[in-house]
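A.B. asks: Structure file start_30.cif, mmCIF, C-alpha atoms, pLDDT in the B column; chains and numbers go by the auth columns, is pasted below:
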data_upload
#
loop_
_atom_site.group_PDB
_atom_site.id
_atom_site.type_symbol
_atom_site.label_atom_id
_atom_site.label_comp_id
_atom_site.label_asym_id
_atom_site.label_seq_id
_atom_site.Cartn_x
_atom_site.Cartn_y
_atom_site.Cartn_z
_atom_site.B_iso_or_equiv
_atom_site.auth_seq_id
_atom_site.auth_asym_id
ATOM 1 C CA MET A 1 -39.908 47.297 -32.672 72.00 1 C
ATOM 2 C CA ASN A 2 -42.151 44.267 -33.291 87.00 2 C
ATOM 3 C CA LYS A 3 -45.477 43.538 -31.569 88.00 3 C
ATOM 4 C CA LEU A 4 -43.977 41.324 -28.842 85.00 4 C
ATOM 5 C CA GLU A 5 -41.211 43.807 -28.030 89.00 5 C
ATOM 6 C CA LYS A 6 -43.767 46.612 -27.740 93.00 6 C
ATOM 7 C CA LYS A 7 -45.945 44.511 -25.441 93.00 7 C
ATOM 8 C CA ILE A 8 -42.953 43.651 -23.234 94.00 8 C
ATOM 9 C CA GLU A 9 -42.035 47.345 -22.983 95.00 9 C
ATOM 10 C CA GLU A 10 -45.612 48.284 -22.017 96.00 10 C
ATOM 11 C CA ASP A 11 -45.791 45.469 -19.484 97.00 11 C
ATOM 12 C CA SER A 12 -42.512 46.487 -17.842 97.00 12 C
ATOM 13 C CA LYS A 13 -43.721 50.084 -17.561 97.00 13 C
ATOM 14 C CA LEU A 14 -46.991 48.930 -15.988 98.00 14 C
ATOM 15 C CA PHE A 15 -45.024 46.861 -13.473 98.00 15 C
ATOM 16 C CA HIS A 16 -42.597 49.610 -12.460 98.00 16 C
ATOM 17 C CA ASP A 17 -45.239 52.343 -12.288 98.00 17 C
ATOM 18 C CA HIS A 18 -47.775 50.465 -10.150 98.00 18 C
ATOM 19 C CA GLU A 19 -48.181 48.014 -7.286 97.00 19 C
ATOM 20 C CA LEU A 20 -48.794 44.309 -7.890 98.00 20 C
ATOM 21 C CA SER A 21 -52.554 44.503 -7.383 98.00 21 C
ATOM 22 C CA ILE A 22 -52.759 46.837 -10.396 98.00 22 C
ATOM 23 C CA TYR A 23 -50.167 44.944 -12.453 98.00 23 C
ATOM 24 C CA PHE A 24 -52.204 41.731 -12.072 98.00 24 C
ATOM 25 C CA ALA A 25 -55.635 43.401 -12.279 98.00 25 C
ATOM 26 C CA ASP A 26 -56.650 41.605 -15.493 98.00 26 C
ATOM 27 C CA GLN A 27 -55.779 38.311 -13.837 98.00 27 C
ATOM 28 C CA TRP A 28 -57.520 38.680 -10.460 98.00 28 C
ATOM 29 C CA LYS A 29 -60.629 40.060 -12.187 98.00 29 C
ATOM 30 C CA LEU A 30 -61.179 36.524 -13.498 98.00 30 C
ATOM 31 C CA ILE A 31 -61.963 35.475 -9.905 98.00 31 C
ATOM 32 C CA LYS A 32 -65.749 35.704 -9.524 97.00 32 C
ATOM 33 C CA ALA A 33 -66.310 35.047 -5.788 97.00 33 C
ATOM 34 C CA PRO A 34 -66.292 38.585 -4.279 96.00 34 C
ATOM 35 C CA LEU A 35 -64.734 37.825 -0.901 97.00 35 C
ATOM 36 C CA PHE A 36 -62.109 35.525 -2.379 97.00 36 C
ATOM 37 C CA GLN A 37 -61.235 38.185 -4.940 98.00 37 C
ATOM 38 C CA LYS A 38 -60.823 40.662 -2.077 97.00 38 C
ATOM 39 C CA CYS A 39 -58.529 38.145 -0.352 98.00 39 C
ATOM 40 C CA ILE A 40 -56.263 37.804 -3.402 98.00 40 C
ATOM 41 C CA ILE A 41 -56.063 41.573 -3.915 98.00 41 C
ATOM 42 C CA GLY A 42 -55.117 42.000 -0.260 97.00 42 C
ATOM 43 C CA TYR A 43 -52.474 39.316 -0.497 98.00 43 C
ATOM 44 C CA LEU A 44 -50.906 40.912 -3.585 98.00 44 C
ATOM 45 C CA SER A 45 -50.893 44.311 -1.895 97.00 45 C
ATOM 46 C CA ASP A 46 -49.755 43.325 1.600 96.00 46 C
ATOM 47 C CA ARG A 47 -47.742 40.119 1.425 96.00 47 C
ATOM 48 C CA CYS A 48 -46.206 39.629 -2.022 98.00 48 C
ATOM 49 C CA GLU A 49 -42.671 40.855 -2.633 98.00 49 C
ATOM 50 C CA LYS A 50 -42.464 42.820 -5.863 98.00 50 C
ATOM 51 C CA PHE A 51 -38.834 41.868 -6.536 98.00 51 C
ATOM 52 C CA VAL A 52 -39.838 38.233 -7.047 98.00 52 C
ATOM 53 C CA PHE A 53 -41.879 39.125 -10.133 98.00 53 C
ATOM 54 C CA GLU A 54 -39.274 41.600 -11.364 98.00 54 C
ATOM 55 C CA LYS A 55 -36.672 38.851 -11.783 96.00 55 C
ATOM 56 C CA SER A 56 -36.408 36.265 -14.562 95.00 56 C
ATOM 57 C CA THR A 57 -38.732 33.324 -14.101 95.00 57 C
ATOM 58 C CA SER A 58 -35.780 31.050 -14.921 91.00 58 C
ATOM 59 C CA SER A 59 -32.468 31.878 -13.274 88.00 59 C
ATOM 60 C CA THR A 60 -30.614 29.763 -15.880 86.00 60 C
ATOM 61 C CA GLY A 61 -32.797 30.432 -18.932 80.00 61 C
ATOM 62 C CA LYS A 62 -32.853 26.710 -19.595 81.00 62 C
ATOM 63 C CA TYR A 63 -36.575 26.091 -20.009 81.00 63 C
ATOM 64 C CA HIS A 64 -38.631 29.236 -20.338 88.00 64 C
ATOM 65 C CA PRO A 65 -38.998 31.318 -23.519 90.00 65 C
ATOM 66 C CA SER A 66 -36.900 34.482 -23.608 89.00 66 C
ATOM 67 C CA TYR A 67 -39.774 36.929 -23.034 91.00 67 C
ATOM 68 C CA GLN A 68 -40.298 35.374 -19.576 93.00 68 C
ATOM 69 C CA ASN A 69 -36.754 36.240 -18.565 92.00 69 C
ATOM 70 C CA GLY A 70 -35.019 39.542 -18.017 92.00 70 C
ATOM 71 C CA ASP A 71 -36.796 42.505 -16.422 95.00 71 C
ATOM 72 C CA VAL A 72 -40.242 41.459 -15.068 97.00 72 C
ATOM 73 C CA GLY A 73 -39.831 37.997 -16.596 95.00 73 C
ATOM 74 C CA ASN A 74 -41.527 36.215 -13.726 97.00 74 C
ATOM 75 C CA GLY A 75 -44.439 38.645 -13.922 98.00 75 C
ATOM 76 C CA ARG A 76 -44.939 37.881 -17.611 96.00 76 C
ATOM 77 C CA HIS A 77 -44.639 34.138 -16.961 96.00 77 C
ATOM 78 C CA THR A 78 -47.366 34.434 -14.341 98.00 78 C
ATOM 79 C CA LYS A 79 -49.645 36.278 -16.741 97.00 79 C
ATOM 80 C CA ASN A 80 -48.986 33.724 -19.464 96.00 80 C
ATOM 81 C CA VAL A 81 -49.914 30.816 -17.174 97.00 81 C
ATOM 82 C CA VAL A 82 -53.260 32.531 -16.555 98.00 82 C
ATOM 83 C CA LYS A 83 -53.699 32.991 -20.318 97.00 83 C
ATOM 84 C CA VAL A 84 -53.095 29.272 -20.915 96.00 84 C
ATOM 85 C CA LEU A 85 -55.611 28.418 -18.207 98.00 85 C
ATOM 86 C CA GLN A 86 -58.239 30.563 -19.918 97.00 86 C
ATOM 87 C CA VAL A 87 -57.918 28.220 -22.911 96.00 87 C
ATOM 88 C CA PHE A 88 -58.236 25.185 -20.638 97.00 88 C
ATOM 89 C CA GLU A 89 -61.364 26.651 -19.017 98.00 89 C
ATOM 90 C CA ARG A 90 -63.187 26.426 -22.334 97.00 90 C
ATOM 91 C CA ALA A 91 -62.629 22.651 -22.323 96.00 91 C
ATOM 92 C CA TYR A 92 -63.207 22.124 -18.584 97.00 92 C
ATOM 93 C CA PRO A 93 -65.782 24.737 -17.515 97.00 93 C
ATOM 94 C CA ASP A 94 -66.925 22.960 -14.341 96.00 94 C
ATOM 95 C CA MET A 95 -63.662 23.176 -12.390 97.00 95 C
ATOM 96 C CA MET A 96 -63.023 25.459 -9.387 98.00 96 C
ATOM 97 C CA TRP A 97 -61.600 28.132 -11.656 98.00 97 C
ATOM 98 C CA ASP A 98 -61.453 30.863 -9.013 98.00 98 C
ATOM 99 C CA ALA A 99 -59.003 28.701 -7.083 98.00 99 C
ATOM 100 C CA VAL A 100 -56.975 27.767 -10.167 98.00 100 C
ATOM 101 C CA TYR A 101 -56.628 31.380 -11.303 98.00 101 C
ATOM 102 C CA ALA A 102 -55.655 32.471 -7.797 98.00 102 C
ATOM 103 C CA ALA A 103 -53.039 29.712 -7.652 98.00 103 C
ATOM 104 C CA ALA A 104 -51.681 30.751 -11.048 98.00 104 C
ATOM 105 C CA ILE A 105 -51.237 34.346 -9.890 98.00 105 C
ATOM 106 C CA LEU A 106 -49.449 33.248 -6.708 98.00 106 C
ATOM 107 C CA HIS A 107 -47.666 30.028 -7.711 98.00 107 C
ATOM 108 C CA ASP A 108 -44.242 31.650 -8.209 98.00 108 C
ATOM 109 C CA SER A 109 -44.669 34.440 -5.651 98.00 109 C
ATOM 110 C CA THR A 110 -41.783 33.115 -3.498 98.00 110 C
ATOM 111 C CA LYS A 111 -39.567 31.920 -6.334 97.00 111 C
ATOM 112 C CA TYR A 112 -36.643 34.014 -5.056 97.00 112 C
ATOM 113 C CA GLU A 113 -35.740 34.312 -1.374 96.00 113 C
ATOM 114 C CA SER A 114 -34.288 37.826 -1.565 96.00 114 C
ATOM 115 C CA PRO A 115 -33.508 40.606 -4.061 96.00 115 C
ATOM 116 C CA GLU A 116 -29.906 39.397 -4.045 96.00 116 C
ATOM 117 C CA SER A 117 -30.781 35.763 -4.859 96.00 117 C
ATOM 118 C CA GLN A 118 -29.074 34.601 -8.037 93.00 118 C
ATOM 119 C CA TYR A 119 -31.016 31.362 -8.365 93.00 119 C
ATOM 120 C CA THR A 120 -34.629 30.360 -7.873 94.00 120 C
ATOM 121 C CA ASP A 121 -35.643 28.515 -4.717 93.00 121 C
ATOM 122 C CA GLY A 122 -36.287 24.827 -5.465 90.00 122 C
ATOM 123 C CA LYS A 123 -38.860 24.668 -2.677 93.00 123 C
ATOM 124 C CA HIS A 124 -40.770 27.787 -3.676 96.00 124 C
ATOM 125 C CA ALA A 125 -43.968 25.801 -4.319 96.00 125 C
ATOM 126 C CA LEU A 126 -44.011 24.738 -0.680 95.00 126 C
ATOM 127 C CA THR A 127 -43.119 28.144 0.737 97.00 127 C
ATOM 128 C CA ALA A 128 -45.655 29.940 -1.466 98.00 128 C
ATOM 129 C CA ALA A 129 -48.411 27.538 -0.423 98.00 129 C
ATOM 130 C CA ALA A 130 -47.553 27.846 3.282 98.00 130 C
ATOM 131 C CA LYS A 131 -47.325 31.638 3.127 98.00 131 C
ATOM 132 C CA PHE A 132 -50.720 32.003 1.446 98.00 132 C
ATOM 133 C CA GLU A 133 -52.311 29.453 3.787 98.00 133 C
ATOM 134 C CA LYS A 134 -51.135 31.509 6.765 97.00 134 C
ATOM 135 C CA TYR A 135 -52.578 34.702 5.256 98.00 135 C
ATOM 136 C CA LEU A 136 -55.844 32.920 4.498 97.00 136 C
ATOM 137 C CA LYS A 137 -56.282 31.968 8.162 95.00 137 C
ATOM 138 C CA GLU A 138 -55.683 35.569 9.222 95.00 138 C
ATOM 139 C CA PHE A 139 -58.044 36.885 6.556 96.00 139 C
ATOM 140 C CA THR A 140 -60.921 34.581 7.549 92.00 140 C
ATOM 141 C CA LYS A 141 -60.813 35.858 11.154 90.00 141 C
ATOM 142 C CA HIS A 142 -62.227 39.226 10.055 89.00 142 C
ATOM 143 C CA LYS A 143 -65.906 40.014 10.632 88.00 143 C
ATOM 144 C CA TRP A 144 -67.144 40.475 7.076 89.00 144 C
ATOM 145 C CA THR A 145 -70.378 42.414 7.640 89.00 145 C
ATOM 146 C CA THR A 146 -70.880 43.180 3.944 91.00 146 C
ATOM 147 C CA PHE A 147 -70.582 39.554 2.837 94.00 147 C
ATOM 148 C CA THR A 148 -72.940 36.601 3.224 93.00 148 C
ATOM 149 C CA LYS A 149 -72.290 33.271 4.947 92.00 149 C
ATOM 150 C CA LYS A 150 -72.076 31.739 1.473 94.00 150 C
ATOM 151 C CA ASP A 151 -69.285 34.197 0.584 95.00 151 C
ATOM 152 C CA VAL A 152 -67.325 33.063 3.638 94.00 152 C
ATOM 153 C CA ARG A 153 -67.920 29.376 2.860 95.00 153 C
ATOM 154 C CA ASP A 154 -66.756 29.955 -0.716 95.00 154 C
ATOM 155 C CA LEU A 155 -63.667 31.746 0.578 97.00 155 C
ATOM 156 C CA LYS A 156 -62.643 28.797 2.750 96.00 156 C
ATOM 157 C CA ARG A 157 -63.403 26.205 0.058 97.00 157 C
ATOM 158 C CA LEU A 158 -61.585 28.083 -2.687 98.00 158 C
ATOM 159 C CA GLY A 159 -58.675 28.972 -0.421 98.00 159 C
ATOM 160 C CA LYS A 160 -58.101 25.344 0.464 98.00 160 C
ATOM 161 C CA MET A 161 -57.960 24.330 -3.209 98.00 161 C
ATOM 162 C CA THR A 162 -55.711 27.295 -4.049 98.00 162 C
ATOM 163 C CA VAL A 163 -53.171 26.219 -1.436 98.00 163 C
ATOM 164 C CA LYS A 164 -53.173 22.703 -2.877 97.00 164 C
ATOM 165 C CA CYS A 165 -52.745 23.929 -6.454 97.00 165 C
ATOM 166 C CA ILE A 166 -49.841 26.171 -5.465 98.00 166 C
ATOM 167 C CA LYS A 167 -48.205 23.397 -3.457 96.00 167 C
ATOM 168 C CA TRP A 168 -48.288 20.894 -6.333 95.00 168 C
ATOM 169 C CA HIS A 169 -47.810 23.170 -9.343 96.00 169 C
ATOM 170 C CA ASP A 170 -44.393 21.592 -9.952 93.00 170 C
ATOM 171 C CA GLY A 171 -46.023 18.190 -10.457 90.00 171 C
ATOM 172 C CA ARG A 172 -43.565 15.313 -10.202 85.00 172 C
ATOM 173 C CA PHE A 173 -40.733 17.840 -9.785 86.00 173 C
ATOM 174 C CA ASN A 174 -42.116 18.948 -6.419 86.00 174 C
ATOM 175 C CA PRO A 175 -39.565 18.326 -3.632 84.00 175 C
ATOM 176 C CA LEU A 176 -42.261 16.533 -1.625 81.00 176 C
ATOM 177 C CA ASN A 177 -42.811 14.123 -4.468 76.00 177 C
ATOM 178 C CA ALA A 178 -39.437 12.586 -5.233 73.00 178 C
ATOM 179 C CA THR A 179 -35.688 12.845 -4.939 76.00 179 C
ATOM 180 C CA LYS A 180 -33.608 14.109 -7.862 76.00 180 C
ATOM 181 C CA GLU A 181 -32.724 10.520 -8.712 79.00 181 C
ATOM 182 C CA GLN A 182 -36.382 9.475 -8.794 76.00 182 C
ATOM 183 C CA ILE A 183 -37.328 12.455 -10.948 76.00 183 C
ATOM 184 C CA LYS A 184 -34.682 11.427 -13.487 72.00 184 C
ATOM 185 C CA GLU A 185 -36.281 7.976 -13.565 72.00 185 C
ATOM 186 C CA ASN A 186 -39.648 9.576 -14.412 66.00 186 C
ATOM 187 C CA TYR A 187 -41.032 8.723 -10.974 67.00 187 C
ATOM 188 C CA THR A 188 -44.657 9.871 -10.862 72.00 188 C
ATOM 189 C CA LYS A 189 -46.579 7.429 -8.659 74.00 189 C
ATOM 190 C CA LYS A 190 -46.331 9.467 -5.462 73.00 190 C
ATOM 191 C CA PHE A 191 -47.537 12.589 -7.257 79.00 191 C
ATOM 192 C CA TYR A 192 -50.659 10.814 -8.513 80.00 192 C
ATOM 193 C CA ARG A 193 -51.338 9.287 -5.099 79.00 193 C
ATOM 194 C CA ASN A 194 -51.168 12.707 -3.428 79.00 194 C
ATOM 195 C CA VAL A 195 -52.920 14.768 -6.076 87.00 195 C
ATOM 196 C CA ARG A 196 -56.226 13.567 -7.502 89.00 196 C
ATOM 197 C CA ASP A 197 -57.804 16.977 -8.100 95.00 197 C
ATOM 198 C CA ALA A 198 -58.182 17.987 -11.745 95.00 198 C
ATOM 199 C CA GLU A 199 -57.582 21.605 -10.712 97.00 199 C
ATOM 200 C CA CYS A 200 -54.036 20.777 -9.550 96.00 200 C
ATOM 201 C CA HIS A 201 -53.262 18.944 -12.770 95.00 201 C
ATOM 202 C CA LEU A 202 -54.570 21.810 -14.904 97.00 202 C
ATOM 203 C CA MET A 203 -52.435 24.269 -12.926 97.00 203 C
ATOM 204 C CA HIS A 204 -49.354 22.089 -13.397 96.00 204 C
ATOM 205 C CA LEU A 205 -49.996 21.585 -17.113 95.00 205 C
ATOM 206 C CA ALA A 206 -50.457 25.325 -17.707 97.00 206 C
ATOM 207 C CA ASP A 207 -47.165 26.020 -15.931 96.00 207 C
ATOM 208 C CA MET A 208 -45.399 23.397 -18.061 94.00 208 C
ATOM 209 C CA VAL A 209 -46.884 24.759 -21.293 94.00 209 C
ATOM 210 C CA SER A 210 -45.866 28.306 -20.392 94.00 210 C
ATOM 211 C CA ALA A 211 -42.331 27.163 -19.587 92.00 211 C
ATOM 212 C CA SER A 212 -41.888 25.446 -22.953 89.00 212 C
ATOM 213 C CA LYS A 213 -39.220 26.997 -25.140 82.00 213 C
ATOM 214 C CA PRO A 214 -39.968 24.860 -28.232 79.00 214 C
ATOM 215 C CA LEU A 215 -43.667 25.798 -28.112 79.00 215 C
ATOM 216 C CA PHE A 216 -42.783 29.468 -28.611 74.00 216 C
ATOM 217 C CA GLU A 217 -39.649 29.138 -30.729 70.00 217 C
ATOM 218 C CA GLU A 218 -40.432 26.250 -33.094 69.00 218 C
ATOM 219 C CA VAL A 219 -43.379 26.110 -35.480 60.00 219 C
ATOM 220 C CA PHE A 220 -43.454 22.300 -35.629 64.00 220 C
#
Just dump the structure as structure tokens.

C.D. replies:
Amino acid sequence: MNKLEKKIEEDSKLFHDHELSIYFADQWKLIKAPLFQKCIIGYLSDRCEKFVFEKSTSSTGKYHPSYQNGDVGNGRHTKNVVKVLQVFERAYPDMMWDAVYAAAILHDSTKYESPESQYTDGKHALTAAAKFEKYLKEFTKHKWTTFTKKDVRDLKRLGKMTVKCIKWHDGRFNPLNATKEQIKENYTKKFYRNVRDAECHLMHLADMVSASKPLFEEVF
């Protein structure tokens, strides 16, 4: 058993033995704002469906490297996107990284509609964004006696950016952006008009890098 195979085995065991908030503990710990971190932990525990992360991140295996498919493939893809973003943070330290990391953890959290779904949902970016936005509104209604007004302001500001990053993580492939015909023609203008935040672009780029088969299977 090589190093990667051993790591995959350990990761699968961690997933099956624990709930999502523990499986993604190393990822949500990167979020520094205390109330926003609490929000993400609550969302993972109460609203995320575990089966979505248990499935392959690619239902066809066309784009993603093999270790992101099979048992817990989507979970490993999610973790890898966060890992890529940690590299990006070194180059762009002044971004809203709490929001970007939160979006990375949740970006594919509705990728499959049900445990029986054979294929990924093409509109999962939109459904994931809407689902988290709804939870965020419910979460902010609580009376947070142990947190400051600044914590609450940070929560709302970071939550808003997280929703946007989730919504546009597909970039020009987002169903809001273009038709299939326009995507084939490399249509990008609408995407750039709608998304001017660097955080959204970094999220999209990390997702694309993680999904690259050649990057992991070819040396040059």

A.B. asks: Quick one: distance from CA of Pro214 in chain C to CA of Cys165 in chain C in Å, one decimal?

C.D. replies: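 Interatomic distance, CA of Pro214 in chain C to CA of Cys165 in chain C: 25.3 Å.
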
A.B. asks: Which residues are close to range 78-95 of chain C, i.e. within 10 Å by all atoms listed in the file, leaving aside same-chain residues fewer than 3 positions away? Reply as a PDB file with C-alpha atoms, keeping the file's coordinate frame.

C.D. replies:
ATOM      1  CA  TYR C  23     -50.167  44.944 -12.453  1.00 98.00           C
ATOM      2  CA  PHE C  24     -52.204  41.731 -12.072  1.00 98.00           C
ATOM      3  CA  ASP C  26     -56.650  41.605 -15.493  1.00 98.00           C
ATOM      4  CA  GLN C  27     -55.779  38.311 -13.837  1.00 98.00           C
ATOM      5  CA  TRP C  28     -57.520  38.680 -10.460  1.00 98.00           C
ATOM      6  CA  LEU C  30     -61.179  36.524 -13.498  1.00 98.00           C
ATOM      7  CA  PHE C  53     -41.879  39.125 -10.133  1.00 98.00           C
ATOM      8  CA  THR C  57     -38.732  33.324 -14.101  1.00 95.00           C
ATOM      9  CA  GLN C  68     -40.298  35.374 -19.576  1.00 93.00           C
ATOM     10  CA  GLY C  73     -39.831  37.997 -16.596  1.00 95.00           C
ATOM     11  CA  ASN C  74     -41.527  36.215 -13.726  1.00 97.00           C
ATOM     12  CA  GLY C  75     -44.439  38.645 -13.922  1.00 98.00           C
ATOM     13  CA  ASP C  98     -61.453  30.863  -9.013  1.00 98.00           C
ATOM     14  CA  ALA C  99     -59.003  28.701  -7.083  1.00 98.00           C
ATOM     15  CA  VAL C 100     -56.975  27.767 -10.167  1.00 98.00           C
ATOM     16  CA  TYR C 101     -56.628  31.380 -11.303  1.00 98.00           C
ATOM     17  CA  ALA C 102     -55.655  32.471  -7.797  1.00 98.00           C
ATOM     18  CA  ALA C 103     -53.039  29.712  -7.652  1.00 98.00           C
ATOM     19  CA  ALA C 104     -51.681  30.751 -11.048  1.00 98.00           C
ATOM     20  CA  ILE C 105     -51.237  34.346  -9.890  1.00 98.00           C
ATOM     21  CA  LEU C 106     -49.449  33.248  -6.708  1.00 98.00           C
ATOM     22  CA  HIS C 107     -47.666  30.028  -7.711  1.00 98.00           C
ATOM     23  CA  ASP C 108     -44.242  31.650  -8.209  1.00 98.00           C
ATOM     24  CA  SER C 109     -44.669  34.440  -5.651  1.00 98.00           C
ATOM     25  CA  ASP C 197     -57.804  16.977  -8.100  1.00 95.00           C
ATOM     26  CA  ALA C 198     -58.182  17.987 -11.745  1.00 95.00           C
ATOM     27  CA  GLU C 199     -57.582  21.605 -10.712  1.00 97.00           C
ATOM     28  CA  LEU C 202     -54.570  21.810 -14.904  1.00 97.00           C
ATOM     29  CA  MET C 203     -52.435  24.269 -12.926  1.00 97.00           C
ATOM     30  CA  HIS C 204     -49.354  22.089 -13.397  1.00 96.00           C
ATOM     31  CA  LEU C 205     -49.996  21.585 -17.113  1.00 95.00           C
ATOM     32  CA  ALA C 206     -50.457  25.325 -17.707  1.00 97.00           C
ATOM     33  CA  ASP C 207     -47.165  26.020 -15.931  1.00 96.00           C
ATOM     34  CA  MET C 208     -45.399  23.397 -18.061  1.00 94.00           C
ATOM     35  CA  VAL C 209     -46.884  24.759 -21.293  1.00 94.00           C
ATOM     36  CA  SER C 210     -45.866  28.306 -20.392  1.00 94.00           C
ATOM     37  CA  ALA C 211     -42.331  27.163 -19.587  1.00 92.00           C
TER      38      ALA C 211
END

A.B. asks: Can you work out the spacing between CA of Ser21 in chain C and CA of Trp97 in chain C in Å, to one decimal?

C.D. replies: 19.2 Å

A.B. asks: My list of candidates is C:His201, C:Lys149, C:Lys156, C:Arg193. Which is closest to Tyr135 in chain C when distances are computed with only C-alpha atoms?

C.D. replies: C:Lys156

A.B. asks: Could you state the separation of CA of Leu155 in chain C and CA of Thr140 in chain C in Å, given to one decimal place?

C.D. replies: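 Separating CA of Leu155 in chain C from CA of Thr140 in chain C is a distance of 8.0 Å.
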
A.B. asks: Any idea what's packed within 9 Å of His16 in chain C, counting all atoms listed in the file, ignoring anything in its chain fewer than 4 positions away? Could you give it as JSON, numbers by chain?

C.D. replies: {"C": [11, 12, 23, 54, 72]}

A.B. asks: Counting all atoms listed in the file, which of C:Phe15, C:Thr162, C:His64, C:Leu4 gets nearest to Ile40 in chain C?

C.D. replies: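 The shortest atom-to-atom distance to Ile40 in chain C comes from C:Thr162.
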
A.B. asks: If the PyMOL selection byres ((chain C and resi 120) around 12) were run on this exact file, what residues would it hold? Put them as a JSON list (two decimals) with C-alpha atoms, keeping the file's coordinate frame.

C.D. replies:
[["chain", "number", "residue", "atom", "x", "y", "z"],
["C", 52, "VAL", "CA", -39.84, 38.23, -7.05],
["C", 53, "PHE", "CA", -41.88, 39.12, -10.13],
["C", 55, "LYS", "CA", -36.67, 38.85, -11.78],
["C", 56, "SER", "CA", -36.41, 36.26, -14.56],
["C", 57, "THR", "CA", -38.73, 33.32, -14.10],
["C", 58, "SER", "CA", -35.78, 31.05, -14.92],
["C", 59, "SER", "CA", -32.47, 31.88, -13.27],
["C", 60, "THR", "CA", -30.61, 29.76, -15.88],
["C", 61, "GLY", "CA", -32.80, 30.43, -18.93],
["C", 74, "ASN", "CA", -41.53, 36.22, -13.73],
["C", 108, "ASP", "CA", -44.24, 31.65, -8.21],
["C", 109, "SER", "CA", -44.67, 34.44, -5.65],
["C", 110, "THR", "CA", -41.78, 33.12, -3.50],
["C", 111, "LYS", "CA", -39.57, 31.92, -6.33],
["C", 112, "TYR", "CA", -36.64, 34.01, -5.06],
["C", 113, "GLU", "CA", -35.74, 34.31, -1.37],
["C", 114, "SER", "CA", -34.29, 37.83, -1.56],
["C", 115, "PRO", "CA", -33.51, 40.61, -4.06],
["C", 116, "GLU", "CA", -29.91, 39.40, -4.04],
["C", 117, "SER", "CA", -30.78, 35.76, -4.86],
["C", 118, "GLN", "CA", -29.07, 34.60, -8.04],
["C", 119, "TYR", "CA", -31.02, 31.36, -8.36],
["C", 121, "ASP", "CA", -35.64, 28.52, -4.72],
["C", 122, "GLY", "CA", -36.29, 24.83, -5.46],
["C", 123, "LYS", "CA", -38.86, 24.67, -2.68],
["C", 124, "HIS", "CA", -40.77, 27.79, -3.68],
["C", 125, "ALA", "CA", -43.97, 25.80, -4.32]]

A.B. asks: Which residue out of C:Ile22, C:Ile183, C:Cys200, C:Met161 has the minimum interatomic distance to Phe36 in chain C when only C-alpha atoms are used?

C.D. replies: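 Answer, going by the shortest atom-to-atom distance: C:Met161.
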
A.B. asks: Restricting the calculation to all atoms listed in the file, which member of C:Lys131, C:Lys150, C:Trp168, C:Tyr67 is positioned closest to Lys6 in chain C?

C.D. replies: C:Tyr67

A.B. asks: Could you tell me which of C:Lys164, C:Glu181, C:Lys13, C:Leu215 comes closest to Ala130 in chain C if we count all atoms listed in the file?

C.D. replies: C:Lys164

A.B. asks: Near Ala178 in chain C, within 12 Å and counting only C-alpha atoms, which residues show up once chain neighbours fewer than 6 positions away are dropped, as number ranges by chain?

C.D. replies: C: 170-172, 184-192, 194
